[in-house]
$ cat query33.txt   # compact mmCIF, C-alpha atoms and all ligand atoms
# COMPACT_ATOMS: atom_id res chain seq x y z
CA MET C 1 61.58 170.87 106.98
CA MET C 2 65.37 170.99 107.05
CA GLY C 3 68.18 170.76 109.49
CA ASN C 4 66.31 171.45 112.74
CA ILE C 5 66.43 167.91 113.96
CA ASP C 6 69.80 166.51 114.89
CA LEU C 7 70.09 162.73 114.81
CA ALA C 8 73.71 162.58 115.99
CA SER C 9 72.88 161.58 119.55
CA LYS C 10 70.20 159.08 118.39
CA ILE C 11 72.77 157.49 116.08
CA ALA C 12 75.24 157.16 118.95
CA GLU C 13 72.56 155.84 121.28
CA LYS C 14 70.83 153.32 118.98
CA LEU C 15 73.58 151.99 116.72
CA PRO C 16 76.46 149.78 117.89
CA SER C 17 79.64 151.84 118.40
CA GLU C 18 81.39 150.00 115.55
CA LEU C 19 78.74 151.22 113.08
CA THR C 20 78.62 154.73 114.52
CA HIS C 21 82.38 154.94 114.19
CA PHE C 22 82.16 153.66 110.61
CA ILE C 23 79.55 156.15 109.40
CA HIS C 24 81.39 159.02 111.08
CA LEU C 25 84.59 158.07 109.31
CA ALA C 26 82.76 157.44 106.02
CA GLY C 27 81.34 160.99 106.15
CA GLU C 28 84.86 162.37 106.60
CA VAL C 29 86.37 160.30 103.79
CA ALA C 30 83.56 161.37 101.43
CA GLU C 31 84.16 165.01 102.35
CA GLN C 32 87.89 164.68 101.62
CA GLN C 33 86.94 163.47 98.14
CA GLY C 34 84.57 166.39 97.65
CA GLN C 35 81.48 164.16 97.99
CA HIS C 36 78.49 164.30 100.35
CA LEU C 37 77.35 161.24 102.20
CA TYR C 38 73.93 160.56 103.76
CA LEU C 39 72.28 157.87 105.83
CA VAL C 40 68.88 157.17 104.24
CA GLY C 41 65.66 155.17 104.31
CA GLY C 42 64.54 152.69 106.95
CA VAL C 43 67.34 153.35 109.42
CA VAL C 44 66.51 157.09 109.54
CA ARG C 45 62.81 156.32 109.96
CA ASP C 46 63.59 153.93 112.79
CA LEU C 47 66.04 156.31 114.50
CA MET C 48 63.30 158.94 114.47
CA LEU C 49 61.04 156.35 116.11
CA GLY C 50 63.75 155.64 118.67
CA GLN C 51 64.41 152.15 117.31
CA ALA C 52 67.60 150.43 116.21
CA ASN C 53 67.89 149.22 112.62
CA LEU C 54 71.20 147.70 111.62
CA ASP C 55 70.56 147.66 107.86
CA LEU C 56 72.51 150.72 106.89
CA ASP C 57 71.78 152.36 103.54
CA LEU C 58 74.14 155.17 102.55
CA VAL C 59 73.72 157.47 99.58
CA VAL C 60 76.55 159.55 98.19
CA GLU C 61 76.31 162.58 95.96
CA GLY C 62 79.29 161.55 93.87
CA ASN C 63 80.52 158.03 93.16
CA ALA C 64 79.51 155.15 95.42
CA ILE C 65 82.00 152.73 93.91
CA ASP C 66 85.06 154.98 94.39
CA LEU C 67 83.97 155.77 97.92
CA ALA C 68 83.35 152.11 98.78
CA ARG C 69 86.86 151.23 97.55
CA GLN C 70 88.38 154.01 99.67
CA LEU C 71 86.47 152.87 102.73
CA GLY C 72 87.43 149.26 102.10
CA LYS C 73 91.12 150.21 102.29
CA LEU C 74 90.69 151.48 105.84
CA ASN C 75 89.79 148.06 107.21
CA ASP C 76 91.63 144.80 106.34
CA GLN C 77 88.58 142.72 107.26
CA CYS C 78 86.29 144.61 104.92
CA GLN C 79 85.00 142.94 101.77
CA VAL C 80 83.88 145.34 99.06
CA THR C 81 81.46 144.23 96.34
CA THR C 82 80.67 146.65 93.54
CA HIS C 83 77.93 146.73 90.90
CA PRO C 84 79.13 149.32 88.37
CA GLN C 85 76.03 148.93 86.17
CA PHE C 86 73.84 150.12 89.10
CA GLN C 87 76.46 152.43 90.65
CA THR C 88 76.07 150.59 93.96
CA ALA C 89 78.45 148.79 96.31
CA ASN C 90 78.32 147.02 99.60
CA LEU C 91 80.80 146.64 102.38
CA GLN C 92 80.88 143.66 104.69
CA TRP C 93 83.01 143.02 107.74
CA SER C 94 82.45 140.86 110.82
CA ARG C 95 78.67 141.01 111.45
CA TRP C 96 78.05 144.19 109.51
CA ARG C 97 76.86 145.01 106.02
CA VAL C 98 76.44 148.49 104.62
CA ASP C 99 74.90 149.35 101.24
CA LEU C 100 76.22 152.33 99.37
CA THR C 101 74.43 153.92 96.39
CA THR C 102 75.19 156.85 94.12
CA ALA C 103 72.44 159.47 94.50
CA ARG C 104 70.15 159.13 91.51
CA ALA C 105 67.08 160.42 89.81
CA GLU C 106 64.78 157.73 88.39
CA SER C 107 62.07 157.55 85.80
CA TYR C 108 59.87 154.62 84.79
CA ALA C 109 59.09 153.89 81.13
CA HIS C 110 55.86 152.01 81.98
CA PRO C 111 54.23 150.31 84.98
CA GLY C 112 56.26 147.30 86.14
CA ALA C 113 59.34 148.39 84.18
CA LEU C 114 62.66 148.72 85.93
CA PRO C 115 63.61 152.38 86.32
CA THR C 116 65.87 154.41 84.02
CA VAL C 117 68.50 156.00 86.22
CA GLN C 118 70.65 159.15 86.03
CA PRO C 119 72.95 160.63 88.68
CA GLY C 120 71.13 163.16 90.84
CA SER C 121 71.14 165.07 94.11
CA ILE C 122 70.10 163.66 97.49
CA LYS C 123 66.81 165.49 97.03
CA ASP C 124 66.20 163.65 93.72
CA ASP C 125 67.19 160.42 95.37
CA LEU C 126 64.72 160.85 98.22
CA CYS C 127 62.02 161.95 95.79
CA ARG C 128 62.00 158.54 94.02
CA ARG C 129 61.27 156.67 97.26
CA ASP C 130 58.13 154.87 98.31
CA PHE C 131 56.73 156.70 101.35
CA THR C 132 57.43 159.99 103.10
CA ILE C 133 58.54 158.19 106.27
CA ASN C 134 61.15 156.30 104.20
CA ALA C 135 62.27 159.42 102.31
CA MET C 136 64.33 161.13 104.99
CA ALA C 137 68.11 161.29 105.28
CA ALA C 138 70.71 162.20 107.88
CA ASP C 139 73.63 164.27 106.59
CA LEU C 140 76.99 162.66 107.42
CA SER C 141 79.21 165.54 106.26
CA PRO C 142 81.52 166.40 109.21
CA ASP C 143 80.18 169.94 109.73
CA ARG C 144 76.50 168.89 109.49
CA TYR C 145 76.80 165.39 110.94
CA GLY C 146 73.39 164.09 112.01
CA ALA C 147 71.27 166.90 110.50
CA LEU C 148 67.96 165.54 109.28
CA LEU C 149 66.87 166.15 105.68
CA ASP C 150 63.12 165.93 105.35
CA TYR C 151 61.93 167.45 102.07
CA TYR C 152 58.67 165.53 101.83
CA GLY C 153 57.04 165.70 105.25
CA GLY C 154 58.35 162.46 106.77
CA VAL C 155 58.52 163.85 110.33
CA LYS C 156 54.98 165.18 110.18
CA ASP C 157 53.74 161.82 108.89
CA LEU C 158 55.65 159.91 111.55
CA GLN C 159 53.97 162.08 114.15
CA ALA C 160 50.56 161.64 112.55
CA LYS C 161 51.31 157.89 112.19
CA VAL C 162 50.44 157.77 108.51
CA ILE C 163 51.84 156.04 105.45
CA ARG C 164 51.79 158.47 102.53
CA VAL C 165 53.22 158.25 99.02
CA LEU C 166 55.26 161.15 97.69
CA HIS C 167 53.32 161.52 94.46
CA GLU C 168 50.30 160.01 92.77
CA LYS C 169 52.33 157.77 90.42
CA SER C 170 54.21 155.97 93.18
CA PHE C 171 52.31 152.67 92.92
CA THR C 172 52.26 152.95 89.13
CA ASP C 173 56.04 153.27 89.17
CA ASP C 174 56.37 150.24 91.43
CA ALA C 175 53.32 148.23 92.46
CA THR C 176 55.31 146.22 95.03
CA ARG C 177 54.93 149.38 97.12
CA ILE C 178 51.32 148.33 97.65
CA LEU C 179 52.56 145.36 99.66
CA ARG C 180 55.29 147.43 101.31
CA GLY C 181 52.79 150.08 102.39
CA ILE C 182 50.54 147.48 103.99
CA ARG C 183 53.55 145.91 105.71
CA TYR C 184 54.71 149.21 107.24
CA GLU C 185 51.20 150.21 108.20
CA GLN C 186 50.70 147.00 110.14
CA ARG C 187 54.20 146.79 111.59
CA LEU C 188 54.13 150.32 112.94
CA SER C 189 50.39 150.40 113.76
CA PHE C 190 50.08 153.41 111.43
CA ARG C 191 47.27 154.13 108.97
CA ILE C 192 47.55 154.41 105.21
CA GLU C 193 46.52 158.02 104.60
CA PRO C 194 43.16 158.35 102.71
CA ASP C 195 44.52 159.72 99.39
CA THR C 196 47.26 157.09 99.40
CA LEU C 197 44.64 154.44 100.12
CA GLU C 198 42.61 155.59 97.10
CA LEU C 199 45.71 155.36 94.90
CA LEU C 200 46.50 151.95 96.35
CA LYS C 201 43.03 150.69 95.47
CA ARG C 202 43.19 152.30 92.03
CA ASP C 203 46.53 150.61 91.30
CA THR C 204 46.02 147.19 92.92
CA SER C 205 45.53 145.53 89.53
CA LEU C 206 49.07 146.63 88.59
CA LEU C 207 50.38 143.90 90.88
CA ASP C 208 49.61 141.63 87.92
CA THR C 209 52.47 143.32 86.07
CA ILE C 210 54.99 142.34 88.76
CA SER C 211 57.09 139.21 88.29
CA GLY C 212 56.50 136.19 90.54
CA ASP C 213 60.03 136.58 91.92
CA ARG C 214 59.37 140.11 93.13
CA ILE C 215 55.99 139.18 94.59
CA ARG C 216 57.62 136.25 96.41
CA HIS C 217 60.24 138.60 97.81
CA GLU C 218 57.55 140.93 99.18
CA LEU C 219 55.60 138.00 100.60
CA GLU C 220 58.75 136.75 102.31
CA LEU C 221 59.27 140.20 103.82
CA ILE C 222 55.71 140.11 105.16
CA LEU C 223 56.24 136.63 106.58
CA ASP C 224 59.42 137.87 108.25
CA GLU C 225 57.48 140.43 110.29
CA ALA C 226 56.83 139.82 113.99
CA CYS C 227 53.07 139.31 113.34
CA PRO C 228 52.64 138.65 109.60
CA GLU C 229 48.95 137.87 109.99
CA LYS C 230 48.26 141.57 110.49
CA ALA C 231 49.57 142.51 107.04
CA LEU C 232 47.92 139.46 105.46
CA GLY C 233 44.59 140.36 107.08
CA ARG C 234 44.83 143.93 105.86
CA ALA C 235 45.86 142.76 102.38
CA ALA C 236 42.78 140.53 102.34
CA GLU C 237 40.54 143.40 103.48
CA LEU C 238 41.88 145.64 100.71
CA GLY C 239 41.50 142.96 98.04
CA VAL C 240 45.27 142.79 97.55
CA LEU C 241 45.86 139.23 98.79
CA PRO C 242 44.27 137.56 95.72
CA LYS C 243 46.92 139.37 93.66
CA ILE C 244 49.55 137.22 95.36
CA HIS C 245 47.43 134.18 94.73
CA LEU C 246 43.70 133.84 94.18
CA SER C 247 43.22 131.17 96.81
CA LEU C 248 45.12 132.81 99.72
CA LYS C 249 43.10 134.01 102.69
CA GLY C 250 44.00 136.27 105.60
CA ASN C 251 41.30 135.25 108.07
CA ASP C 252 40.84 134.50 111.79
CA TRP C 253 41.86 130.89 111.29
CA LEU C 254 45.23 132.02 109.94
CA LYS C 255 45.67 134.50 112.78
CA GLN C 256 45.05 131.82 115.37
CA LYS C 257 47.39 129.34 113.65
CA PHE C 258 50.19 131.89 113.24
CA GLU C 259 49.97 132.62 116.98
CA GLN C 260 50.14 128.87 117.65
CA ALA C 261 53.17 128.59 115.35
CA ARG C 262 54.97 131.26 117.37
CA ARG C 263 54.23 129.45 120.62
CA LEU C 264 55.54 126.21 119.12
CA THR C 265 58.82 127.63 117.80
CA ALA C 266 59.52 130.09 120.68
CA PRO C 267 61.98 131.58 121.51
CA ASN C 268 62.66 131.66 117.74
CA LEU C 269 60.20 133.02 115.23
CA PRO C 270 58.62 130.54 112.81
CA SER C 271 60.37 130.19 109.47
CA VAL C 272 58.92 131.65 106.29
CA GLY C 273 58.34 128.04 105.17
CA LEU C 274 56.13 127.23 108.16
CA TYR C 275 54.08 130.40 107.77
CA LEU C 276 53.74 129.90 104.02
CA ALA C 277 52.64 126.29 104.44
CA LEU C 278 49.95 127.45 106.89
CA CYS C 279 48.83 130.05 104.33
CA ALA C 280 48.59 127.31 101.71
CA TYR C 281 47.15 124.65 104.02
CA HIS C 282 43.66 124.56 102.59
CA LEU C 283 44.65 124.74 98.94
CA THR C 284 44.02 121.86 96.58
CA GLY C 285 47.01 120.05 95.10
CA GLU C 286 46.42 121.94 91.86
CA GLU C 287 46.30 125.32 93.60
CA VAL C 288 49.52 124.52 95.43
CA GLU C 289 51.21 123.77 92.11
CA GLN C 290 49.97 127.08 90.68
CA LEU C 291 51.27 128.94 93.72
CA ILE C 292 54.66 127.22 93.47
CA SER C 293 55.07 128.07 89.82
CA HIS C 294 53.62 131.58 90.02
CA LEU C 295 55.92 132.58 92.90
CA ARG C 296 58.77 130.45 91.55
CA LEU C 297 59.26 128.98 94.99
CA PRO C 298 62.64 127.38 95.64
CA LYS C 299 62.67 123.59 95.88
CA THR C 300 62.68 123.30 99.68
CA LEU C 301 59.67 125.58 100.03
CA ALA C 302 57.87 123.75 97.23
CA VAL C 303 58.47 120.41 98.96
CA THR C 304 57.17 121.80 102.26
CA LEU C 305 53.96 123.00 100.62
CA ARG C 306 53.37 119.79 98.66
CA ASP C 307 54.11 117.59 101.67
CA SER C 308 51.93 119.65 103.93
CA VAL C 309 48.92 119.23 101.66
CA ALA C 310 49.70 115.52 101.15
CA VAL C 311 49.79 114.92 104.93
CA ARG C 312 46.54 116.87 105.29
CA GLY C 313 45.01 114.30 102.93
CA LYS C 314 45.84 111.53 105.41
CA ILE C 315 45.10 113.41 108.57
CA LYS C 316 41.71 111.78 109.27
CA THR C 317 43.35 108.39 109.63
CA LEU C 318 45.44 109.75 112.53
CA ALA C 319 42.40 110.70 114.61
CA ASP C 320 41.89 107.09 115.78
CA ALA C 321 43.12 106.85 119.39
CA LYS C 322 43.87 103.12 118.97
CA ILE C 323 46.11 103.42 115.94
CA LYS C 324 49.42 101.53 116.41
CA PRO C 325 52.67 103.54 116.52
CA SER C 326 53.97 101.61 113.50
CA LEU C 327 50.98 102.80 111.51
CA ILE C 328 51.52 106.41 112.60
CA TYR C 329 55.09 106.00 111.42
CA ARG C 330 53.98 104.66 108.05
CA ARG C 331 51.57 107.54 107.53
CA LEU C 332 54.06 110.28 108.40
CA ASP C 333 57.48 108.96 107.41
CA GLY C 334 59.21 110.64 104.46
CA TYR C 335 57.56 114.06 104.71
CA SER C 336 59.43 117.25 105.48
CA LEU C 337 59.51 118.22 109.15
CA LEU C 338 58.03 121.63 108.39
CA ALA C 339 55.09 119.96 106.66
CA LEU C 340 54.49 117.85 109.78
CA MET C 341 54.74 120.90 112.01
CA THR C 342 52.25 122.65 109.74
CA ASN C 343 49.80 119.79 110.23
CA LEU C 344 50.45 119.72 113.96
CA ILE C 345 49.45 123.37 114.13
CA ALA C 346 46.67 123.25 111.57
CA SER C 347 44.85 120.22 112.98
CA ASP C 348 42.11 120.90 115.53
CA ASP C 349 41.84 117.30 116.69
CA ASN C 350 43.71 116.50 119.91
CA THR C 351 44.38 112.85 119.15
CA THR C 352 45.76 113.73 115.73
CA ARG C 353 47.99 116.37 117.25
CA GLN C 354 49.25 113.91 119.87
CA HIS C 355 50.08 111.39 117.16
CA ILE C 356 52.02 113.91 115.06
CA GLN C 357 53.80 115.11 118.19
CA GLN C 358 54.62 111.50 119.10
CA PHE C 359 56.06 110.94 115.63
CA LEU C 360 58.13 114.12 115.75
CA SER C 361 59.55 113.67 119.21
CA LYS C 362 59.93 109.87 119.41
CA LEU C 363 58.82 107.56 116.63
CA ARG C 364 60.90 109.02 113.82
CA HIS C 365 64.08 108.23 115.79
CA VAL C 366 63.21 104.56 116.48
CA LYS C 367 65.40 102.16 114.47
CA PRO C 368 66.17 98.44 114.82
CA VAL C 369 69.58 97.43 116.16
CA LEU C 370 70.19 94.79 113.52
CA THR C 371 71.47 96.02 110.19
CA GLY C 372 71.07 94.69 106.65
CA ASN C 373 74.49 93.03 106.99
CA ASP C 374 73.43 91.31 110.20
CA LEU C 375 70.35 89.96 108.44
CA GLN C 376 72.40 88.61 105.55
CA ALA C 377 74.74 86.95 108.03
CA MET C 378 71.68 85.33 109.60
CA GLY C 379 70.74 83.81 106.25
CA ILE C 380 68.38 86.29 104.60
CA ALA C 381 69.06 86.69 100.91
CA SER C 382 69.98 90.21 99.76
CA GLY C 383 67.20 92.01 97.91
CA PRO C 384 63.61 92.89 98.87
CA ALA C 385 63.54 90.38 101.74
CA ILE C 386 66.10 92.46 103.67
CA LYS C 387 63.92 95.54 103.36
CA GLU C 388 60.85 93.61 104.44
CA VAL C 389 62.53 92.18 107.55
CA LEU C 390 64.11 95.52 108.49
CA TRP C 391 60.66 97.08 108.43
CA LEU C 392 59.25 94.15 110.44
CA LEU C 393 61.91 94.78 113.10
CA GLN C 394 61.33 98.51 113.07
CA ALA C 395 57.56 98.03 113.40
CA ALA C 396 58.14 95.63 116.30
CA ARG C 397 60.35 98.24 117.98
CA LEU C 398 57.78 100.98 117.38
CA ASP C 399 54.96 98.84 118.80
CA ARG C 400 57.23 97.75 121.66
CA GLN C 401 57.01 94.07 120.68
CA ALA C 402 60.81 94.09 120.46
CA THR C 403 62.88 96.00 122.99
CA THR C 404 66.24 94.18 122.89
CA LYS C 405 68.63 92.85 120.28
CA ARG C 406 67.69 89.35 121.34
CA ASP C 407 63.99 90.08 120.64
CA GLU C 408 64.97 91.22 117.16
CA GLU C 409 67.08 88.09 116.54
CA GLN C 410 64.16 85.93 117.62
CA LEU C 411 61.88 87.74 115.16
CA VAL C 412 64.36 87.13 112.36
CA LYS C 413 64.51 83.42 113.23
CA ASP C 414 60.69 83.22 113.26
CA TRP C 415 60.58 84.98 109.92
CA LEU C 416 63.15 82.57 108.46
CA THR C 417 61.15 79.60 109.67
CA SER C 418 57.90 80.79 108.21
CA ASN C 419 59.54 81.91 104.94
CA GLN C 420 61.72 78.86 104.44
CA THR C 421 61.52 77.96 100.75
CA PRO C 422 60.39 74.31 100.61
CA PRO C 423 63.09 72.10 99.05
CA SER C 424 62.34 71.63 95.39
CA HIS C 425 61.60 68.08 94.14
CA SER C 426 63.00 67.69 90.69
N1 LIG C 501 62.51 151.83 98.58
C1 LIG C 501 61.54 152.38 97.74
N2 LIG C 501 60.73 151.60 96.98
C2 LIG C 501 60.86 150.25 97.04
C3 LIG C 501 61.85 149.65 97.86
C4 LIG C 501 62.64 150.48 98.63
O1 LIG C 501 61.41 153.58 97.71
N3 LIG C 501 60.07 149.48 96.31
C5 LIG C 501 63.39 152.72 99.34
C6 LIG C 501 62.80 153.22 100.65
O2 LIG C 501 63.32 154.50 100.88
C7 LIG C 501 63.36 152.27 101.68
C8 LIG C 501 64.76 152.02 101.12
O3 LIG C 501 64.59 152.03 99.71
O4 LIG C 501 63.41 152.86 102.96
C9 LIG C 501 65.39 150.73 101.55
O5 LIG C 501 64.57 149.64 101.21
P1 LIG C 501 64.41 148.39 102.16
O6 LIG C 501 65.73 147.97 102.67
O7 LIG C 501 63.56 147.38 101.46
O8 LIG C 501 63.49 148.99 103.29
P2 LIG C 501 63.69 149.59 104.73
O9 LIG C 501 63.05 150.93 104.74
O10 LIG C 501 65.08 149.48 105.19
O11 LIG C 501 62.63 148.76 105.50
P3 LIG C 501 62.65 147.51 106.40
O12 LIG C 501 62.46 148.11 107.75
O13 LIG C 501 61.47 146.73 105.94
O14 LIG C 501 63.95 146.79 106.18

$ encode --input "query33.txt" --output "structure tokens" --more "lines below"
Ligand code: CTP
Amino acid sequence: MMGNIDLASKIAEKLPSELTHFIHLAGEVAEQQGQHLYLVGGVVRDLMLGQANLDLDLVVEGNAIDLARQLGKLNDQCQVTTHPQFQTANLQWSRWRVDLTTARAESYAHPGALPTVQPGSIKDDLCRRDFTINAMAADLSPDRYGALLDYYGGVKDLQAKVIRVLHEKSFTDDATRILRGIRYEQRLSFRIEPDTLELLKRDTSLLDTISGDRIRHELELILDEACPEKALGRAAELGVLPKIHLSLKGNDWLKQKFEQARRLTAPNLPSVGLYLALCAYHLTGEEVEQLISHLRLPKTLAVTLRDSVAVRGKIKTLADAKIKPSLIYRRLDGYSLLALMTNLIASDDNTTRQHIQQFLSKLRHVKPVLTGNDLQAMGIASGPAIKEVLWLLQAARLDRQATTKRDEEQLVKDWLTSNQTPPSHS
């Protein structure tokens, strides 16, 4: 289906005027150079759904790098980055970023391989894409501005609310599309169309050919969704989740905890780290290490996961209602905040939750007034004794046995008296 749908008014309505102005101008500049420019992919899908999407992907039949340089010259603020080996470029100015690609035809040597690329038409370029709903374009040439290009039935599938691949080798070409398909299905409340679902099941094992980095990227995209538990649940149902890691589960527990996480962090959404630590909450230390190395998690995420499981190991000791604040502090000090939040959400025991909450909101900020220097001035020798007395003062503060500087000084004097080294008799 070609050209009957005009997206010009949707573009004007849904995109900020700065971006609308930019793409209009970009279409004109391309035309002056004898090139054709198109808006493609997710933004077109979302415009058709009446939604805004500010990640603009442009495809040019011609040369993306030349065009990006021309466009960069029109705006002093614009930063142009080019990747000649991929024939892509991006433009960044103020809050905006636009990706520009040379239209290409792709072929894959074997499953999991990166594609071999040659220049192609917009039709070729749309043909290599994952799903029909992501394979539409809007023409930006001045005389056809806004005309929809839909060679593969994207509009029909949007109306039928289905996720459909363009050809039967789509998941073989790129198995990450299995995770992408599930993500779109759940985000949009669509259904993966039956033939596509068969192909997805047939090709699930190909996820083993995908590098940990690419799997992590897809997992992060899932965890960035408004309700990631939906995609995780569906991935579990389809037997895809174990391909991310054998021990991950997308069950009711996770759903409930993700909802709790959103309540806790509102109005912001929980970070990927918090969601991931909840996913990994029940793993053994060994499983966590496998997950970290398989997905090549960056250090901060790795620390969150390790800490979260380490705190879980101590969690029973926090269920005692009579436990002293200084002991709560000792149990929880030194762990990453996200790991503590994970345990706060994951624990079902009220007393435990109160204690973690108390640590997070109050205890972790409690410090003695006296410093190491003050203690030395009061006669405590530098070395381990300073550390010991500082902790004694902090514990007294935490347990409210010391509330003033004078209380602390008195404790130091008492300590000195009881730790006075007896004079040596030679
Ligand atoms: N694409 C693809 N196969 C992939 C990744 C991307 O065919 N494995 C194509 C799709 O046409 C997609 C476009 O590249 O629409 C842009 O990819 P991306 O930015 O990841 O997706 P969006 O569609 O913009 O989706 P999202 O709403 O998740 O950002």

$ residues_near_ligand --input "query33.txt" --ligand "ligand LIG 501 (chain C)" --cutoff "6 Å" --atoms "all atoms listed in the file" --output "list in words"
Gly41, Gly42, Arg129, Asp130, Asn134, Ala135, Thr176 and Arg177 of chain C

$ closest_residue --input "query33.txt" --among "C:Lys243, C:Lys322, C:Arg214, C:Lys255" --to "Lys230 in chain C" --atoms "only C-alpha atoms"
C:Lys255

$ atom_distance --input "query33.txt" --atom1 "CA of Asp46 in chain C" --atom2 "CA of Val80 in chain C"
26.0 Å

$ atom_distance --input "query33.txt" --atom1 "CA of Ala236 in chain C" --atom2 "CA of Leu219 in chain C"
13.2 Å

$ closest_residue --input "query33.txt" --among "C:Tyr335, C:Leu411, C:His355, C:Lys362" --to "Ile323 in chain C" --atoms "all atoms listed in the file"
C:His355

$ atom_distance --input "query33.txt" --atom1 "CA of Asp320 in chain C" --atom2 "CA of Pro270 in chain C"
29.0 Å
